[in-house]
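Okay, upload.tsv now, which holds TSV, C-alpha atoms:
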chain	number	residue	atom	x	y	z
A	333	MET	CA	-48.06	-46.36	19.82
A	334	ILE	CA	-49.86	-43.30	21.18
A	335	ALA	CA	-47.40	-43.09	24.15
A	336	LEU	CA	-44.37	-43.26	21.81
A	337	SER	CA	-45.81	-40.48	19.64
A	338	PHE	CA	-46.42	-38.32	22.76
A	339	ILE	CA	-42.84	-38.78	24.01
A	340	THR	CA	-41.49	-37.93	20.54
A	341	TRP	CA	-43.54	-34.73	20.53
A	342	VAL	CA	-42.32	-33.76	24.01
A	343	PHE	CA	-38.69	-34.31	23.00
A	344	THR	CA	-39.19	-32.39	19.77
A	345	ILE	CA	-40.69	-29.42	21.61
A	346	LEU	CA	-37.91	-29.55	24.24
A	347	ALA	CA	-35.29	-29.69	21.48
A	348	CYS	CA	-36.87	-26.66	19.76
A	349	ILE	CA	-36.97	-24.66	23.00
A	350	SER	CA	-33.33	-25.57	23.81
A	351	GLY	CA	-32.24	-24.72	20.29
A	352	GLY	CA	-34.05	-21.37	20.47
A	353	ALA	CA	-32.49	-20.58	23.85
A	354	LEU	CA	-29.07	-21.46	22.49
A	355	LEU	CA	-29.55	-19.15	19.49
A	356	VAL	CA	-30.63	-16.30	21.81
A	357	LEU	CA	-27.55	-16.87	23.97
A	358	VAL	CA	-25.26	-16.90	20.95
A	359	TYR	CA	-26.88	-13.68	19.64
A	360	LEU	CA	-26.53	-11.92	23.00
A	361	ASP	CA	-22.91	-13.03	23.30
A	362	ASN	CA	-22.14	-11.79	19.79
A	363	ARG	CA	-23.84	-8.47	20.51
A	364	LYS	CA	-21.72	-8.02	23.63
A	365	SER	CA	-18.55	-8.80	21.73
A	366	ARG	CA	-19.55	-6.37	18.95
A	367	ILE	CA	-19.86	-3.55	21.52
A	368	ASP	CA	-16.45	-4.53	22.96
A	369	ASP	CA	-15.06	-4.68	19.41
A	370	GLY	CA	-16.04	-1.05	18.83
A	371	ILE	CA	-14.19	0.09	21.94
A	372	ALA	CA	-11.15	-2.05	21.15
A	373	LYS	CA	-11.12	-0.92	17.52
A	374	PHE	CA	-11.28	2.77	18.48
A	375	GLN	CA	-8.54	2.24	21.08
A	376	ARG	CA	-6.33	0.56	18.47
A	377	HIS	CA	-7.01	3.49	16.09
A	378	ILE	CA	-6.04	6.07	18.74
A	379	ASP	CA	-3.02	4.04	19.87
A	380	ALA	CA	-1.81	3.84	16.27
A	381	LEU	CA	-1.80	7.66	16.14
A	382	SER	CA	0.15	8.16	19.37
A	383	PRO	CA	3.61	9.77	19.25
A	384	GLU	CA	5.14	6.42	20.27
A	385	ALA	CA	3.48	4.68	17.33
A	386	ARG	CA	4.68	7.40	14.98
A	387	ARG	CA	8.26	6.96	16.14
A	388	THR	CA	9.03	4.34	13.48
A	389	SER	CA	7.49	6.14	10.53
A	390	VAL	CA	7.39	9.92	10.99
A	391	HIS	CA	10.33	10.47	13.35
A	392	ARG	CA	12.65	8.17	11.43
A	393	ASN	CA	12.33	10.49	8.45
A	394	ASN	CA	12.82	13.69	10.40
A	395	PRO	CA	16.52	14.32	11.11
A	396	ASP	CA	15.70	17.39	13.23
A	397	ASP	CA	13.34	15.53	15.56
A	398	ARG	CA	15.27	14.27	18.55
A	399	ARG	CA	12.37	13.92	20.94
A	400	PHE	CA	12.45	10.16	20.83
A	401	ARG	CA	16.16	9.53	20.67
B	1162	MET	CA	6.74	-9.86	-1.95
B	1163	ALA	CA	6.19	-6.17	-2.70
B	1164	ARG	CA	6.55	-3.61	0.04
B	1165	ASP	CA	3.39	-1.54	0.45
B	1166	LEU	CA	3.56	2.10	-0.60
B	1167	ALA	CA	2.14	5.51	0.27
B	1168	ILE	CA	2.02	8.08	-2.53
B	1169	ASP	CA	1.50	11.83	-2.24
B	1170	LEU	CA	0.28	12.44	-5.77
B	1171	GLY	CA	0.53	16.20	-5.70
B	1172	THR	CA	-0.10	18.75	-8.42
B	1173	ALA	CA	3.49	19.95	-8.06
B	1174	ASN	CA	5.49	17.02	-6.65
B	1175	THR	CA	5.05	13.30	-6.19
B	1176	LEU	CA	6.55	11.60	-3.14
B	1177	VAL	CA	6.62	7.87	-2.49
B	1178	TYR	CA	7.00	6.25	0.95
B	1179	MET	CA	7.89	2.55	1.12
B	1180	LYS	CA	6.82	0.50	4.14
B	1181	GLY	CA	9.79	-0.13	6.42
B	1182	ARG	CA	12.10	2.11	4.34
B	1183	GLY	CA	10.72	5.67	4.46
B	1184	ILE	CA	10.65	8.19	1.59
B	1185	VAL	CA	12.20	6.59	-1.49
B	1186	LEU	CA	11.20	9.04	-4.24
B	1187	ASN	CA	10.55	12.79	-4.42
B	1188	GLU	CA	10.26	14.51	-7.78
B	1189	PRO	CA	8.07	16.89	-9.82
B	1190	SER	CA	4.73	15.51	-11.10
B	1191	VAL	CA	5.69	16.07	-14.72
B	1192	ILE	CA	5.81	13.69	-17.67
B	1193	ALA	CA	7.18	14.29	-21.17
B	1194	VAL	CA	5.50	12.39	-24.00
B	1195	ASN	CA	6.22	12.05	-27.71
B	1196	ARG	CA	3.05	13.46	-29.26
B	1197	GLN	CA	3.42	11.36	-32.42
B	1198	SER	CA	4.29	7.91	-31.04
B	1199	GLY	CA	2.76	8.29	-27.58
B	1200	GLU	CA	6.01	7.12	-25.96
B	1201	VAL	CA	6.99	8.45	-22.54
B	1202	LEU	CA	10.31	10.28	-22.92
B	1203	ALA	CA	10.97	11.47	-19.37
B	1204	THR	CA	9.38	11.89	-15.96
B	1205	GLY	CA	10.14	13.87	-12.83
B	1206	HIS	CA	13.14	16.21	-12.79
B	1207	ASP	CA	14.13	15.39	-16.39
B	1208	ALA	CA	10.63	16.19	-17.64
B	1209	TRP	CA	10.45	19.35	-15.49
B	1210	ASP	CA	13.59	20.67	-17.18
B	1211	MET	CA	11.75	20.33	-20.50
B	1212	ILE	CA	8.68	22.46	-19.63
B	1213	GLY	CA	8.30	25.27	-22.15
B	1214	ARG	CA	11.48	24.22	-24.01
B	1215	THR	CA	10.33	21.28	-26.12
B	1216	PRO	CA	10.12	20.83	-29.90
B	1217	SER	CA	6.60	20.58	-31.27
B	1218	TYR	CA	6.48	16.77	-31.20
B	1219	ILE	CA	7.24	16.58	-27.45
B	1220	VAL	CA	4.80	17.69	-24.79
B	1221	ALA	CA	5.89	18.07	-21.14
B	1222	VAL	CA	2.81	18.26	-18.95
B	1223	ARG	CA	1.60	18.08	-15.38
B	1224	PRO	CA	-1.19	15.48	-15.53
B	1225	LEU	CA	-2.84	16.81	-12.36
B	1226	ARG	CA	-4.49	20.16	-11.83
B	1227	GLY	CA	-6.08	21.25	-8.57
B	1228	GLY	CA	-5.19	17.83	-7.18
B	1229	ALA	CA	-7.37	16.07	-9.75
B	1230	ILE	CA	-6.41	14.01	-12.76
B	1231	THR	CA	-6.80	15.96	-15.98
B	1232	ASP	CA	-5.38	13.27	-18.23
B	1233	PHE	CA	-6.24	9.77	-17.05
B	1234	ASP	CA	-4.04	7.88	-19.51
B	1235	ILE	CA	-0.92	9.96	-18.83
B	1236	THR	CA	-1.48	9.80	-15.05
B	1237	GLU	CA	-1.76	6.01	-15.18
B	1238	ARG	CA	1.49	5.82	-17.13
B	1239	MET	CA	3.20	8.17	-14.71
B	1240	ILE	CA	2.08	6.07	-11.70
B	1241	ARG	CA	3.15	2.88	-13.48
B	1242	LEU	CA	6.63	4.34	-14.07
B	1243	LEU	CA	6.85	5.53	-10.45
B	1244	LEU	CA	5.94	2.07	-9.18
B	1245	GLN	CA	8.49	0.47	-11.50
B	1246	ARG	CA	11.18	2.83	-10.24
B	1247	VAL	CA	10.58	1.79	-6.63
B	1248	GLY	CA	10.77	-1.90	-7.51
B	1249	VAL	CA	7.17	-2.91	-8.22
B	1250	SER	CA	7.01	-5.53	-10.98
B	1251	ARG	CA	4.24	-7.45	-12.72
B	1252	PHE	CA	4.48	-10.16	-10.07
B	1253	THR	CA	4.69	-7.95	-6.98
B	1254	ARG	CA	1.51	-6.02	-6.44
B	1255	PRO	CA	1.66	-3.80	-3.33
B	1256	LYS	CA	-1.13	-2.17	-1.37
B	1257	VAL	CA	-1.03	1.58	-2.00
B	1258	VAL	CA	-2.37	4.50	0.05
B	1259	ILE	CA	-2.72	7.69	-2.01
B	1260	CYS	CA	-3.16	11.19	-0.62
B	1261	VAL	CA	-5.77	13.26	-2.43
B	1262	PRO	CA	-7.35	16.66	-1.81
B	1263	SER	CA	-10.52	16.42	0.27
B	1264	ALA	CA	-12.35	18.56	-2.28
B	1265	ILE	CA	-12.17	16.07	-5.15
B	1266	THR	CA	-15.38	14.60	-6.49
B	1267	GLU	CA	-16.46	10.96	-6.48
B	1268	VAL	CA	-15.56	10.67	-10.17
B	1269	GLU	CA	-12.10	12.11	-9.53
B	1270	ARG	CA	-11.57	9.70	-6.60
B	1271	ARG	CA	-12.46	6.77	-8.80
B	1272	ALA	CA	-10.07	8.03	-11.48
B	1273	VAL	CA	-7.19	8.03	-8.97
B	1274	THR	CA	-7.95	4.54	-7.59
B	1275	ASP	CA	-8.52	3.07	-11.06
B	1276	ALA	CA	-5.28	4.60	-12.38
B	1277	THR	CA	-3.35	3.19	-9.40
B	1278	ARG	CA	-4.87	-0.30	-9.66
B	1279	ARG	CA	-4.27	-0.42	-13.40
B	1280	ALA	CA	-0.70	0.73	-12.82
B	1281	GLY	CA	0.01	-2.37	-10.69
B	1282	ALA	CA	-1.40	-1.95	-7.18
B	1283	SER	CA	-3.34	-4.81	-5.59
B	1284	ASP	CA	-5.38	-2.38	-3.50
B	1285	ALA	CA	-5.62	1.41	-3.66
B	1286	GLN	CA	-6.97	3.40	-0.70
B	1287	LEU	CA	-7.35	7.17	-0.52
B	1288	ILE	CA	-6.69	9.48	2.42
B	1289	GLU	CA	-7.40	13.20	2.68
B	1290	GLN	CA	-4.27	15.33	2.46
B	1291	PRO	CA	-4.93	17.45	5.59
B	1292	MET	CA	-5.42	14.32	7.70
B	1293	ALA	CA	-2.19	12.79	6.38
B	1294	ALA	CA	-0.44	16.16	6.89
B	1295	ALA	CA	-1.56	16.30	10.53
B	1296	ILE	CA	-0.15	12.82	11.17
B	1297	GLY	CA	3.09	13.65	9.34
B	1298	ALA	CA	3.46	17.03	11.09
B	1299	ASN	CA	3.42	15.21	14.44
B	1300	LEU	CA	0.34	16.96	15.77
B	1301	PRO	CA	-1.21	15.29	18.86
B	1302	ILE	CA	-4.30	14.18	16.97
B	1303	ASP	CA	-4.76	11.17	19.26
B	1304	GLU	CA	-5.80	13.55	22.06
B	1305	PRO	CA	-9.19	15.26	22.55
B	1306	VAL	CA	-7.79	18.69	21.63
B	1307	GLY	CA	-8.25	20.89	18.56
B	1308	ASN	CA	-5.44	20.59	16.03
B	1309	MET	CA	-5.63	22.84	13.01
B	1310	VAL	CA	-3.59	22.16	9.90
B	1311	ILE	CA	-3.38	24.31	6.75
B	1312	ASP	CA	-2.04	22.42	3.74
B	1313	ILE	CA	-1.18	24.69	0.81
B	1314	GLY	CA	-0.23	22.65	-2.23
B	1315	GLY	CA	0.28	23.38	-5.90
B	1316	GLY	CA	-3.41	23.33	-6.76
B	1317	THR	CA	-5.38	23.35	-3.50
B	1318	THR	CA	-5.52	24.94	-0.08
B	1319	GLU	CA	-7.05	22.73	2.58
B	1320	THR	CA	-7.68	23.58	6.19
B	1321	ALA	CA	-8.84	20.98	8.68
B	1322	VAL	CA	-9.62	20.80	12.37
B	1323	ILE	CA	-8.70	17.38	13.74
B	1324	SER	CA	-9.39	15.85	17.14
B	1325	LEU	CA	-9.35	12.27	18.44
B	1326	GLY	CA	-8.10	10.87	15.16
B	1327	GLY	CA	-10.88	12.32	13.01
B	1328	ILE	CA	-11.73	15.43	10.97
B	1329	VAL	CA	-14.05	17.80	12.84
B	1330	ALA	CA	-14.20	20.66	10.30
B	1331	LEU	CA	-12.81	20.96	6.81
B	1332	GLU	CA	-12.55	23.70	4.22
B	1333	ALA	CA	-10.92	23.35	0.82
B	1334	VAL	CA	-10.48	25.66	-2.16
B	1335	ARG	CA	-8.87	24.95	-5.50
B	1336	VAL	CA	-6.33	27.73	-5.14
B	1337	GLY	CA	-2.67	26.89	-4.65
B	1338	SER	CA	0.85	27.99	-5.41
B	1339	PHE	CA	0.35	27.48	-9.17
B	1340	ASP	CA	-2.34	30.16	-9.02
B	1341	ILE	CA	0.27	32.46	-7.47
B	1342	ASP	CA	2.63	31.69	-10.40
B	1343	ALA	CA	-0.20	32.36	-12.88
B	1344	ALA	CA	-1.00	35.68	-11.15
B	1345	ILE	CA	2.67	36.74	-11.55
B	1346	GLN	CA	2.61	35.74	-15.24
B	1347	ASN	CA	-0.58	37.74	-15.82
B	1348	TYR	CA	0.75	40.81	-14.00
B	1349	VAL	CA	4.03	40.90	-15.96
B	1350	ARG	CA	2.11	40.46	-19.22
B	1351	ARG	CA	-0.45	43.18	-18.36
B	1352	GLU	CA	1.78	45.80	-16.68
B	1353	HIS	CA	5.11	45.29	-18.47
B	1354	GLY	CA	3.96	43.83	-21.80
B	1355	VAL	CA	6.30	40.86	-21.39
B	1356	ALA	CA	5.42	37.18	-21.67
B	1357	ILE	CA	7.15	34.85	-19.19
B	1358	GLY	CA	6.90	31.09	-18.73
B	1359	GLU	CA	5.59	29.25	-15.67
B	1360	ARG	CA	9.08	28.27	-14.53
B	1361	THR	CA	10.23	31.92	-14.60
B	1362	ALA	CA	7.10	32.92	-12.66
B	1363	GLU	CA	7.90	30.27	-10.05
B	1364	GLU	CA	11.47	31.53	-9.75
B	1365	ILE	CA	10.22	35.10	-9.22
B	1366	LYS	CA	7.88	33.85	-6.49
B	1367	ILE	CA	10.73	32.02	-4.73
B	1368	GLN	CA	13.19	34.92	-5.08
B	1369	ILE	CA	11.12	37.99	-4.24
B	1370	GLY	CA	7.54	36.82	-3.64
B	1371	SER	CA	5.92	37.59	-0.28
B	1372	ALA	CA	2.47	37.89	1.28
B	1373	GLU	CA	3.46	40.59	3.79
B	1374	PRO	CA	6.01	43.45	3.59
B	1375	GLY	CA	9.30	42.45	5.20
B	1376	PRO	CA	12.86	43.71	5.77
B	1377	GLU	CA	14.15	41.51	2.95
B	1378	ASP	CA	12.06	43.12	0.20
B	1379	ARG	CA	14.18	43.07	-2.96
B	1380	SER	CA	13.77	43.46	-6.68
B	1381	ALA	CA	14.75	41.15	-9.50
B	1382	ASP	CA	15.50	41.40	-13.21
B	1383	ILE	CA	13.33	39.06	-15.24
B	1384	ARG	CA	13.68	38.04	-18.84
B	1385	GLY	CA	10.85	37.28	-21.20
B	1386	ARG	CA	9.49	38.04	-24.66
B	1387	ASP	CA	8.22	41.53	-25.51
B	1388	LEU	CA	4.61	41.17	-26.62
B	1389	VAL	CA	4.88	44.08	-29.09
B	1390	THR	CA	8.26	43.52	-30.76
B	1391	GLY	CA	8.55	39.78	-30.12
B	1392	LEU	CA	12.16	40.30	-29.00
B	1393	PRO	CA	13.74	39.17	-25.72
B	1394	LYS	CA	13.43	41.83	-23.01
B	1395	THR	CA	14.52	42.35	-19.41
B	1396	VAL	CA	12.34	44.16	-16.88
B	1397	ARG	CA	12.87	44.93	-13.19
B	1398	LEU	CA	10.18	43.70	-10.82
B	1399	THR	CA	9.94	44.81	-7.17
B	1400	ALA	CA	8.74	42.74	-4.21
B	1401	GLU	CA	5.88	45.21	-3.72
B	1402	GLU	CA	4.69	44.66	-7.30
B	1403	VAL	CA	4.76	40.88	-6.81
B	1404	ARG	CA	2.82	41.25	-3.55
B	1405	PHE	CA	0.18	43.27	-5.38
B	1406	ALA	CA	0.09	40.75	-8.23
B	1407	ILE	CA	-0.48	37.73	-5.97
B	1408	ASP	CA	-2.88	39.36	-3.55
B	1409	GLU	CA	-5.99	37.73	-5.04
B	1410	PRO	CA	-4.95	34.05	-4.64
B	1411	VAL	CA	-3.36	34.81	-1.25
B	1412	ALA	CA	-6.58	36.48	-0.05
B	1413	ALA	CA	-8.57	33.42	-1.25
B	1414	MET	CA	-6.30	31.14	0.83
B	1415	VAL	CA	-6.68	33.30	3.94
B	1416	ALA	CA	-10.46	33.48	3.48
B	1417	SER	CA	-10.58	29.68	3.32
B	1418	VAL	CA	-8.71	29.43	6.64
B	1419	LYS	CA	-11.17	31.89	8.20
B	1420	ARG	CA	-14.15	29.83	6.99
B	1421	CYS	CA	-12.69	26.72	8.58
B	1422	LEU	CA	-12.15	28.56	11.87
B	1423	ALA	CA	-15.80	29.63	11.77
B	1424	LYS	CA	-16.90	26.00	11.33
B	1425	ALA	CA	-14.93	24.71	14.34
B	1426	PRO	CA	-16.86	23.94	17.54
B	1427	PRO	CA	-16.28	26.56	20.29
B	1428	GLU	CA	-14.70	23.97	22.64
B	1429	LEU	CA	-11.96	23.35	20.11
B	1430	ALA	CA	-11.63	27.00	19.03
B	1431	GLN	CA	-10.01	27.92	22.34
B	1432	ASP	CA	-7.34	25.27	21.74
B	1433	PHE	CA	-6.19	27.07	18.59
B	1434	LEU	CA	-5.38	30.24	20.54
B	1435	ALA	CA	-3.18	28.24	22.90
B	1436	ARG	CA	-1.67	25.78	20.43
B	1437	GLY	CA	-1.76	27.69	17.15
B	1438	MET	CA	-2.32	26.47	13.58
B	1439	TYR	CA	0.23	24.45	11.59
B	1440	LEU	CA	1.21	25.31	8.05
B	1441	VAL	CA	2.35	22.52	5.70
B	1442	GLY	CA	2.83	22.15	1.95
B	1443	GLY	CA	5.14	23.91	-0.48
B	1444	GLY	CA	2.75	26.85	-0.88
B	1445	GLY	CA	3.03	27.55	2.83
B	1446	MET	CA	6.69	28.41	2.34
B	1447	LEU	CA	5.79	31.71	0.63
B	1448	ARG	CA	7.50	34.46	2.63
B	1449	GLY	CA	5.14	36.32	4.97
B	1450	LEU	CA	2.19	33.97	4.44
B	1451	ALA	CA	2.20	32.68	8.03
B	1452	GLN	CA	2.36	36.28	9.30
B	1453	ARG	CA	-0.50	37.31	6.98
B	1454	ILE	CA	-2.75	34.46	8.20
B	1455	GLU	CA	-1.78	35.25	11.79
B	1456	ARG	CA	-2.57	38.95	11.34
B	1457	GLU	CA	-5.96	38.32	9.73
B	1458	THR	CA	-7.13	35.50	12.05
B	1459	GLU	CA	-5.41	36.59	15.28
B	1460	VAL	CA	-4.40	32.95	15.83
B	1461	PRO	CA	-0.70	31.98	16.04
B	1462	VAL	CA	0.61	30.17	12.95
B	1463	LYS	CA	3.54	27.75	13.13
B	1464	MET	CA	5.45	26.20	10.26
B	1465	SER	CA	5.75	22.43	10.21
B	1466	PRO	CA	9.42	21.27	10.42
B	1467	GLN	CA	9.00	19.26	7.19
B	1468	PRO	CA	6.38	21.14	5.15
B	1469	LEU	CA	7.06	19.29	1.88
B	1470	GLU	CA	7.18	15.77	3.31
B	1471	ALA	CA	4.49	15.93	6.02
B	1472	VAL	CA	1.69	14.55	3.81
B	1473	VAL	CA	3.58	11.51	2.54
B	1474	LEU	CA	4.97	10.78	6.01
B	1475	GLY	CA	1.43	10.76	7.38
B	1476	ALA	CA	0.26	8.43	4.62
B	1477	GLY	CA	3.36	6.33	5.22
B	1478	HIS	CA	2.35	5.97	8.86
B	1479	CYS	CA	-1.06	4.70	7.65
B	1480	ILE	CA	0.61	2.07	5.46
B	1481	GLU	CA	2.79	0.99	8.41
B	1482	ASN	CA	-0.36	0.58	10.55
B	1483	TYR	CA	-2.72	-0.46	7.76
B	1484	GLN	CA	-5.20	-2.53	9.81
B	1485	ALA	CA	-5.45	-0.18	12.80
B	1486	LEU	CA	-5.89	2.93	10.63
B	1487	ARG	CA	-8.21	1.49	7.95
B	1488	GLY	CA	-10.98	3.71	9.32
B	1489	MET	CA	-9.12	6.78	8.06
B	1490	PHE	CA	-9.41	5.83	4.41
B	1491	MET	CA	-12.08	7.61	2.40
B	1492	SER	CA	-13.74	4.35	1.30
B	1493	ALA	CA	-14.25	3.30	4.95
B	1494	ARG	CA	-16.38	6.37	5.64
B	1495	ARG	CA	-18.83	6.13	2.76
Please rewrite the model in this file as structure tokens.
Amino acid sequence: MIALSFITWVFTILACISGGALLVLVYLDNRKSRIDDGIAKFQRHIDALSPEARRTSVHRNNPDDRRFR
Amino acid sequence: MARDLAIDLGTANTLVYMKGRGIVLNEPSVIAVNRQSGEVLATGHDAWDMIGRTPSYIVAVRPLRGGAITDFDITERMIRLLLQRVGVSRFTRPKVVICVPSAITEVERRAVTDATRRAGASDAQLIEQPMAAAIGANLPIDEPVGNMVIDIGGGTTETAVISLGGIVALEAVRVGSFDIDAAIQNYVRREHGVAIGERTAEEIKIQIGSAEPGPEDRSADIRGRDLVTGLPKTVRLTAEEVRFAIDEPVAAMVASVKRCLAKAPPELAQDFLARGMYLVGGGGMLRGLAQRIERETEVPVKMSPQPLEAVVLGAGHCIENYQALRGMFMSARR
């Protein structure tokens, strides 16, 4: 009875430690992806303002602009 | 499914850009209402023709002044009619990006978004006019260089320094081309004793108005009402007189540009000397204004190829790339 209780405790503690480690790993992974997200988001923002991106909206409405034809 | 829209809700003109189609509407921001029944009688060009010529029961008004809503109810009705005219129905609720002056207050911003949502938009986002103008004027704002844009509208003059897709320095004053018209009206009333309407004042500005002396200086005969006799009267006005009359609002615009230049970081200031400043907006089309700004700031000034459409084209580009450019909307930066 005492041995069974001891093994249960050991497994419980091991499960808690593993769970904690998993949470830390998930947090660190998320943090890394958030940093990458910032870079990717800014790049998308800048790319969307490039002359090539503006070809479909701004240039289409400018009959005098022949730079992209 | 409604196509998303970009609206340049200007004091003078309203332009609408439809996603995938381009500019679909361009007309004066004027609405004519029956004062007794509250019915809308005309909008746009039809309403503009009525200004100053209506019977007492009709009122033709511009519901925006200085880029801000002065009459919420009438503005909402005007936006609702605009949306209907470009195909928005009760069942198709588009996303709308609206260009507003950067100088408007939080209350005024909320008035614009509320009016647009109540008029039928599913989402209403605001973008500063100079930022939209820089996109629409094709300035290389995706590069780490200083781009300076001066947007002179009907009610505001806004100058912005833009680099890497964001505003670095901004200066705005509530002085625009309507203040130039008002200055002409006041001058003719004071110096010639003749009352003229705002449309006549605008015509004088277009015909002989200038900010700097030029070889094309002319004079024009103007007709109005004699303040003493009350009878119609014609007076001759010279370009020099008009220049004197409008000097105060023009000087305020130039001073605003100078303040913005003073706010710009030194690294970007050197770019302006090489690349120049870009003038957009209907007010920027005043003869000699670019030369006057150039003379007073010693920085080259270039006119945008599409001064009247630059703002709505820039906002239209934002609606075409809604997700990527969400960070440009005013709500995203609060």
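With distances restricted to all atoms listed in the file, B:Ala1298 is the closest residue to chain A from B:Ala1425, B:Ala1321, B:Ala1221, B:Ala1298.
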Q. Residues of chain B within 8 Å of chain A, using all atoms listed in the file, as a PyMOL selection string?
A. chain B and resi 1181+1183-1184+1296-1297+1299+1301-1303+1325-1326+1466-1467+1474-1475+1477-1478+1481-1482+1485-1486+1488
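Between CA of Ile371 in chain A and CA of Val1329 in chain B the separation is 19.9 Å.
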(Q) Between CA of Met1309 in chain B and CA of Leu1331 in chain B, what is the distance in Å, rounded to a tenth? (A) 9.7 Å
(Q) Applying 8 Å and only C-alpha atoms, which residues near Ile1480 in chain B remain after dropping the ones on its own chain fewer than 6 positions away? List them as number ranges by chain. (A) B: 1165-1167, 1180, 1257-1258
Let me know the centre plus edge lengths, in Å and rounded to one decimal, of a box with edges along x, y and z that contains all listed atoms of range 338-351 of chain A and is padded by 5 Å on every side, as AutoDock Vina command-line options.
--center_x -39.3 --center_y -31.7 --center_z 22.0 --size_x 24.2 --size_y 24.1 --size_z 14.5
Using all atoms listed in the file, which residues sit within 12 Å of Gln1245 in chain B once same-chain residues fewer than 4 positions away are excluded, as a CSV table (one decimal) with C-alpha atoms, in the frame of the given file?
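Everything below was put into around.csv:
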chain,number,residue,atom,x,y,z
B,1163,ALA,CA,6.2,-6.2,-2.7
B,1177,VAL,CA,6.6,7.9,-2.5
B,1186,LEU,CA,11.2,9.0,-4.2
B,1238,ARG,CA,1.5,5.8,-17.1
B,1239,MET,CA,3.2,8.2,-14.7
B,1240,ILE,CA,2.1,6.1,-11.7
B,1241,ARG,CA,3.2,2.9,-13.5
B,1249,VAL,CA,7.2,-2.9,-8.2
B,1250,SER,CA,7.0,-5.5,-11.0
B,1251,ARG,CA,4.2,-7.4,-12.7
B,1252,PHE,CA,4.5,-10.2,-10.1
B,1253,THR,CA,4.7,-8.0,-7.0
B,1254,ARG,CA,1.5,-6.0,-6.4
B,1255,PRO,CA,1.7,-3.8,-3.3
B,1280,ALA,CA,-0.7,0.7,-12.8
B,1281,GLY,CA,0.0,-2.4,-10.7
B,1282,ALA,CA,-1.4,-2.0,-7.2
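Rounded to one decimal, CA of Ala1471 in chain B and CA of Asp1312 in chain B lie 9.5 Å from each other.
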**Q.** Among listed residues B:Arg1420, B:Arg1404, B:Pro1468, B:Ala1476, nearest Gly1449 in chain B (using only C-alpha atoms)
**A.** B:Arg1404
Q.
Neighbouring residues of Met1414 in chain B were defined as those with any atom within 8 Å, considering all atoms listed in the file; residues of the same chain fewer than 6 positions away were excluded. Please report them as an NGL selection string.
A. :B and (1318 or 1334 or 1336-1337)
Q. What's the 6 Å shell around range 1379-1386 of chain B, counting all atoms listed in the file, without same-chain residues fewer than 6 positions away, as an NGL selection string?
A. :B and (1355-1357 or 1392-1400)
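Each of B:Cys1421, B:Ile1265, B:Ala1344, B:Ile1235 was compared to Thr1277 in chain B using only C-alpha atoms, and B:Ile1235 turns out to be the nearest.
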Q) Which neighbours of Pro1427 in chain B fall inside 12 Å, counting all atoms listed in the file, when residues of the same chain fewer than 3 positions from it are skipped, and could you give them as JSON, numbers by chain? A) {"B": [1306, 1307, 1322, 1329, 1330, 1422, 1423, 1424, 1430, 1431, 1432, 1433, 1434]}
